[in-house]
Structures are given as C-alpha cells and as structure tokens.
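So this one's input.pdb, PDB, C-alpha atoms and all ligand atoms:
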MODEL        1
ATOM      1  CA  MET R   1      -5.320  27.163  -4.326  1.00  0.00           C
ATOM      2  CA  VAL R   2      -4.907  23.912  -2.483  1.00  0.00           C
ATOM      3  CA  THR R   3      -3.157  20.935  -4.103  1.00  0.00           C
ATOM      4  CA  LYS R   4      -4.327  17.323  -4.228  1.00  0.00           C
ATOM      5  CA  GLU R   5      -1.279  16.389  -2.140  1.00  0.00           C
ATOM      6  CA  GLN R   6      -2.275  18.870   0.581  1.00  0.00           C
ATOM      7  CA  VAL R   7      -5.872  17.622   0.615  1.00  0.00           C
ATOM      8  CA  GLN R   8      -4.743  13.990   0.658  1.00  0.00           C
ATOM      9  CA  LYS R   9      -2.545  14.792   3.664  1.00  0.00           C
ATOM     10  CA  ILE R  10      -5.384  16.488   5.568  1.00  0.00           C
ATOM     11  CA  PHE R  11      -7.581  13.472   4.790  1.00  0.00           C
ATOM     12  CA  ASP R  12      -4.976  10.837   5.755  1.00  0.00           C
ATOM     13  CA  THR R  13      -4.151  12.650   9.006  1.00  0.00           C
ATOM     14  CA  ALA R  14      -7.837  12.873   9.969  1.00  0.00           C
ATOM     15  CA  ILE R  15      -8.502   9.209   9.094  1.00  0.00           C
ATOM     16  CA  GLU R  16      -5.451   8.170  11.129  1.00  0.00           C
ATOM     17  CA  LYS R  17      -6.662  10.197  14.082  1.00  0.00           C
ATOM     18  CA  HIS R  18     -10.417   9.547  14.000  1.00  0.00           C
ATOM     19  CA  LEU R  19     -10.895   6.339  11.986  1.00  0.00           C
ATOM     20  CA  PRO R  20      -7.632   4.351  12.235  1.00  0.00           C
ATOM     21  CA  ARG R  21      -9.405   1.099  11.391  1.00  0.00           C
ATOM     22  CA  TYR R  22     -10.895   2.595   8.230  1.00  0.00           C
ATOM     23  CA  LYS R  23      -7.797   3.403   6.188  1.00  0.00           C
ATOM     24  CA  PHE R  24      -9.417   1.759   3.161  1.00  0.00           C
ATOM     25  CA  ILE R  25     -11.743   4.759   2.789  1.00  0.00           C
ATOM     26  CA  LYS R  26     -10.761   6.492  -0.451  1.00  0.00           C
ATOM     27  CA  LEU R  27     -10.522  10.146  -1.351  1.00  0.00           C
ATOM     28  CA  TYR R  28     -11.485  11.230  -4.863  1.00  0.00           C
ATOM     29  CA  PHE R  29     -11.088  14.531  -6.672  1.00  0.00           C
ATOM     30  CA  ASN R  30     -13.927  15.524  -8.958  1.00  0.00           C
ATOM     31  CA  GLY R  31     -13.617  18.307 -11.528  1.00  0.00           C
ATOM     32  CA  ARG R  32     -17.328  18.188 -12.275  1.00  0.00           C
ATOM     33  CA  LEU R  33     -18.462  18.693  -8.687  1.00  0.00           C
ATOM     34  CA  LYS R  34     -19.611  22.345  -8.695  1.00  0.00           C
ATOM     35  CA  LYS R  35     -22.726  22.596  -6.582  1.00  0.00           C
ATOM     36  CA  VAL R  36     -21.088  21.156  -3.498  1.00  0.00           C
ATOM     37  CA  LEU R  37     -17.592  21.603  -2.078  1.00  0.00           C
ATOM     38  CA  GLY R  38     -17.333  17.981  -1.127  1.00  0.00           C
ATOM     39  CA  ARG R  39     -19.429  14.969  -0.346  1.00  0.00           C
ATOM     40  CA  ALA R  40     -19.204  11.772   1.635  1.00  0.00           C
ATOM     41  CA  HIS R  41     -20.532   8.526   0.213  1.00  0.00           C
ATOM     42  CA  LEU R  42     -22.094   6.696   3.117  1.00  0.00           C
ATOM     43  CA  ASN R  43     -22.431   3.149   1.945  1.00  0.00           C
ATOM     44  CA  VAL R  44     -21.204   0.363   4.224  1.00  0.00           C
ATOM     45  CA  LEU R  45     -19.613  -1.431   1.297  1.00  0.00           C
ATOM     46  CA  ASN R  46     -18.111   1.612  -0.347  1.00  0.00           C
ATOM     47  CA  MET R  47     -17.371   4.581   1.868  1.00  0.00           C
ATOM     48  CA  SER R  48     -15.516   7.415   0.197  1.00  0.00           C
ATOM     49  CA  VAL R  49     -15.111  11.176   0.078  1.00  0.00           C
ATOM     50  CA  GLU R  50     -15.207  13.295  -3.049  1.00  0.00           C
ATOM     51  CA  MET R  51     -13.709  16.765  -3.154  1.00  0.00           C
ATOM     52  CA  SER R  52     -14.533  19.452  -5.682  1.00  0.00           C
ATOM     53  CA  LEU R  53     -11.467  20.515  -7.677  1.00  0.00           C
ATOM     54  CA  SER R  54     -12.962  23.961  -8.312  1.00  0.00           C
ATOM     55  CA  HIS R  55     -13.304  24.454  -4.537  1.00  0.00           C
ATOM     56  CA  MET R  56      -9.626  23.521  -4.175  1.00  0.00           C
ATOM     57  CA  GLU R  57      -8.651  25.913  -6.985  1.00  0.00           C
ATOM     58  CA  LYS R  58     -10.675  28.876  -5.712  1.00  0.00           C
ATOM     59  CA  ASP R  59     -10.664  28.656  -1.945  1.00  0.00           C
ATOM     60  CA  THR R  60      -8.181  28.862   0.894  1.00  0.00           C
ATOM     61  CA  TYR R  61      -6.403  26.049   2.714  1.00  0.00           C
ATOM     62  CA  GLU R  62      -8.520  26.657   5.847  1.00  0.00           C
ATOM     63  CA  GLN R  63     -11.771  26.506   3.863  1.00  0.00           C
ATOM     64  CA  VAL R  64     -10.780  23.326   2.040  1.00  0.00           C
ATOM     65  CA  ARG R  65      -9.538  21.760   5.279  1.00  0.00           C
ATOM     66  CA  ASP R  66     -12.900  22.511   6.886  1.00  0.00           C
ATOM     67  CA  THR R  67     -14.673  20.758   3.997  1.00  0.00           C
ATOM     68  CA  VAL R  68     -12.496  17.646   4.351  1.00  0.00           C
ATOM     69  CA  LEU R  69     -13.144  17.522   8.114  1.00  0.00           C
ATOM     70  CA  HIS R  70     -16.869  18.135   7.526  1.00  0.00           C
ATOM     71  CA  GLU R  71     -16.989  15.022   5.344  1.00  0.00           C
ATOM     72  CA  ILE R  72     -14.896  13.015   7.827  1.00  0.00           C
ATOM     73  CA  ALA R  73     -17.457  13.970  10.503  1.00  0.00           C
ATOM     74  CA  HIS R  74     -20.172  12.440   8.278  1.00  0.00           C
ATOM     75  CA  LEU R  75     -18.154   9.204   8.025  1.00  0.00           C
ATOM     76  CA  VAL R  76     -17.581   9.007  11.798  1.00  0.00           C
ATOM     77  CA  ASP R  77     -21.268   9.757  12.435  1.00  0.00           C
ATOM     78  CA  PHE R  78     -22.379   7.153   9.860  1.00  0.00           C
ATOM     79  CA  ILE R  79     -20.053   4.473  11.278  1.00  0.00           C
ATOM     80  CA  ARG R  80     -21.383   5.104  14.793  1.00  0.00           C
ATOM     81  CA  ARG R  81     -25.111   5.160  14.096  1.00  0.00           C
ATOM     82  CA  GLY R  82     -25.703   4.024  10.523  1.00  0.00           C
ATOM     83  CA  LYS R  83     -26.875   7.393   9.238  1.00  0.00           C
ATOM     84  CA  SER R  84     -25.737  10.997   9.069  1.00  0.00           C
ATOM     85  CA  ASN R  85     -27.275  14.398   8.492  1.00  0.00           C
ATOM     86  CA  HIS R  86     -26.646  17.836   9.999  1.00  0.00           C
ATOM     87  CA  ASP R  87     -28.460  17.296  13.298  1.00  0.00           C
ATOM     88  CA  SER R  88     -27.128  17.872  16.821  1.00  0.00           C
ATOM     89  CA  VAL R  89     -25.460  14.431  16.917  1.00  0.00           C
ATOM     90  CA  TRP R  90     -23.479  15.227  13.757  1.00  0.00           C
ATOM     91  CA  ARG R  91     -22.662  18.732  15.035  1.00  0.00           C
ATOM     92  CA  ALA R  92     -21.067  17.206  18.149  1.00  0.00           C
ATOM     93  CA  VAL R  93     -19.008  14.872  15.934  1.00  0.00           C
ATOM     94  CA  ALA R  94     -17.985  17.847  13.768  1.00  0.00           C
ATOM     95  CA  VAL R  95     -16.666  19.655  16.856  1.00  0.00           C
ATOM     96  CA  GLU R  96     -14.838  16.459  17.858  1.00  0.00           C
ATOM     97  CA  VAL R  97     -13.021  16.210  14.516  1.00  0.00           C
ATOM     98  CA  GLY R  98     -12.370  19.956  14.292  1.00  0.00           C
ATOM     99  CA  ALA R  99     -14.874  20.951  11.597  1.00  0.00           C
ATOM    100  CA  ALA R 100     -17.229  23.907  11.810  1.00  0.00           C
ATOM    101  CA  PRO R 101     -20.473  22.399  13.188  1.00  0.00           C
ATOM    102  CA  ARG R 102     -22.706  23.675  10.407  1.00  0.00           C
ATOM    103  CA  ALA R 103     -23.957  22.481   7.056  1.00  0.00           C
ATOM    104  CA  SER R 104     -22.247  25.135   5.004  1.00  0.00           C
ATOM    105  CA  LYS R 105     -19.594  27.446   6.227  1.00  0.00           C
ATOM    106  CA  PHE R 106     -18.618  29.005   2.936  1.00  0.00           C
ATOM    107  CA  LEU R 107     -20.906  27.559   0.322  1.00  0.00           C
ATOM    108  CA  LYS R 108     -22.772  24.320   0.191  1.00  0.00           C
ATOM    109  CA  ASN R 109     -21.293  21.075   1.266  1.00  0.00           C
ATOM    110  CA  SER R 110     -23.146  17.892   1.786  1.00  0.00           C
TER     111      SER R 110
HETATM  112 ZN    ZN R 201     -22.699  17.819   5.440  1.00  0.00          ZN
ENDMDL
END

Could you spell out this file's structure in structure tokens?
Ligand SMILES: [Zn+2]
Amino acid sequence: MVTKEQVQKIFDTAIEKHLPRYKFIKLYFNGRLKKVLGRAHLNVLNMSVEMSLSHMEKDTYEQVRDTVLHEIAHLVDFIRRGKSNHDSVWRAVAVEVGAAPRASKFLKNS
C-alpha cells in the first residue's frame, strides 16, 4: 500500500530533478484505472500523469515508484522529440530517470 502523499513526493522529486521547468505538470489519482498502472498524457497544452489507485493499494512502494518514473520518462521523451513510445530512445530515457527500461515490469503500464 502506497499513499497519495508518497506518490506525490516521488513525482515532485522526479519533476524537480528531470523537468525543473515543467512543475506545472499535474499528477492525478484515478480509482477507475484498472487495466494500466499509470499513464502519461502527452499533449503539449495539457501534460499530466495519472496513477491507478488500485495499483497503489495492491503493490509495493518500489513497484509504484517504478510506474511513476516510467511515466516521467514518457514526459521527458515527449518534451525532447515530440513523441514517445517504448523504443530504444525511450528506454535510454527510462534508464536516465531510474525506471526499468521496459514497457511493463509488473503488469501493464502505458
Ligand atoms: Zn510506457
């Protein structure tokens, strides 16, 4: 079980470290998000990250932290090149931000 406060702290720390000029990016918690652990909304006008509450309830701190960093890697990748997927460019960014460089470590995350 990981709390919203813990997840917010992981998120804020990663934004501060990797995207200090993008502190306006919001983090949302979604109780209806079941098929994915988290997702990043990659829209120039409205970048945000959504985290699944059921993932936070069921999984460990390390697993949830990896999901947050996975989504941060998508944001960094998107800001740098205007798109993001799970290719080798994104995998290098994932390593840079400290996320496991794969699409799904524990379940699915987009
Ligand atoms: Zn992904």

Can you check which parts of chain R lie within 10 Å of ligand ZN 201 (chain R)? Per residue, the shortest pair of atoms and distance in Å to one decimal, counting all atoms listed in the file, sorted by chain and number, as a tab-separated table.
residue	atom	partner	partner_atom	distance
R:Val36	CA	R:ZN201	ZN	9.7
R:Leu37	CA	R:ZN201	ZN	9.8
R:Gly38	CA	R:ZN201	ZN	8.5
R:Arg39	CA	R:ZN201	ZN	7.2
R:Ala40	CA	R:ZN201	ZN	8.0
R:Thr67	CA	R:ZN201	ZN	8.7
R:Leu69	CA	R:ZN201	ZN	9.9
R:His70	CA	R:ZN201	ZN	6.2
R:Glu71	CA	R:ZN201	ZN	6.4
R:Ile72	CA	R:ZN201	ZN	9.5
R:Ala73	CA	R:ZN201	ZN	8.2
R:His74	CA	R:ZN201	ZN	6.6
R:Ser84	CA	R:ZN201	ZN	8.3
R:Asn85	CA	R:ZN201	ZN	6.5
R:His86	CA	R:ZN201	ZN	6.0
R:Asp87	CA	R:ZN201	ZN	9.8
R:Trp90	CA	R:ZN201	ZN	8.7
R:Arg91	CA	R:ZN201	ZN	9.6
R:Ala94	CA	R:ZN201	ZN	9.6
R:Pro101	CA	R:ZN201	ZN	9.3
R:Arg102	CA	R:ZN201	ZN	7.7
R:Ala103	CA	R:ZN201	ZN	5.1
R:Ser104	CA	R:ZN201	ZN	7.3
R:Lys108	CA	R:ZN201	ZN	8.4
R:Asn109	CA	R:ZN201	ZN	5.5
R:Ser110	CA	R:ZN201	ZN	3.7

(request) Pick out the residues sitting within 12 Å of Ser48 (chain R), and hand them over as a PyMOL selection string; count all atoms listed in the file, and ignore anything fewer than 3 positions along from it in its own chain. (result) chain R and resi 11+15+22-29+38-45+51+68+71-72+74-76+78

Identify all residues satisfying the PyMOL selection byres (((chain R and resi 64) around 10) and not hetatm) in the given file; provide them as an mmCIF file with C-alpha atoms, in the frame of the given file.
data_model
loop_
_atom_site.group_PDB
_atom_site.id
_atom_site.type_symbol
_atom_site.label_atom_id
_atom_site.label_comp_id
_atom_site.auth_asym_id
_atom_site.auth_seq_id
_atom_site.Cartn_x
_atom_site.Cartn_y
_atom_site.Cartn_z
ATOM 1 C CA MET R 1 -5.320 27.163 -4.326
ATOM 2 C CA VAL R 2 -4.907 23.912 -2.483
ATOM 3 C CA GLN R 6 -2.275 18.870 0.581
ATOM 4 C CA VAL R 7 -5.872 17.622 0.615
ATOM 5 C CA ILE R 10 -5.384 16.488 5.568
ATOM 6 C CA LEU R 37 -17.592 21.603 -2.078
ATOM 7 C CA GLY R 38 -17.333 17.981 -1.127
ATOM 8 C CA MET R 51 -13.709 16.765 -3.154
ATOM 9 C CA SER R 52 -14.533 19.452 -5.682
ATOM 10 C CA HIS R 55 -13.304 24.454 -4.537
ATOM 11 C CA MET R 56 -9.626 23.521 -4.175
ATOM 12 C CA GLU R 57 -8.651 25.913 -6.985
ATOM 13 C CA LYS R 58 -10.675 28.876 -5.712
ATOM 14 C CA ASP R 59 -10.664 28.656 -1.945
ATOM 15 C CA THR R 60 -8.181 28.862 0.894
ATOM 16 C CA TYR R 61 -6.403 26.049 2.714
ATOM 17 C CA GLU R 62 -8.520 26.657 5.847
ATOM 18 C CA GLN R 63 -11.771 26.506 3.863
ATOM 19 C CA ARG R 65 -9.538 21.760 5.279
ATOM 20 C CA ASP R 66 -12.900 22.511 6.886
ATOM 21 C CA THR R 67 -14.673 20.758 3.997
ATOM 22 C CA VAL R 68 -12.496 17.646 4.351
ATOM 23 C CA LEU R 69 -13.144 17.522 8.114
ATOM 24 C CA HIS R 70 -16.869 18.135 7.526
ATOM 25 C CA PHE R 106 -18.618 29.005 2.936
#

(message) Just to confirm, what's the straight-line distance from CA of Ile79 (chain R) to CA of Thr13 (chain R) in Å (one decimal)?
(response) 18.0 Å

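One distance worth recording is that between CA of Leu53 (chain R) and CA of Thr3 (chain R), which is 9.1 Å.
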
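With distances restricted to all atoms listed in the file, R:Glu50 is the closest residue to Lys34 (chain R) from R:Pro20, R:Glu50, R:Arg80, R:Glu96.
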
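Going from CA of Gly98 (chain R) to CA of Val49 (chain R) covers 16.9 Å.
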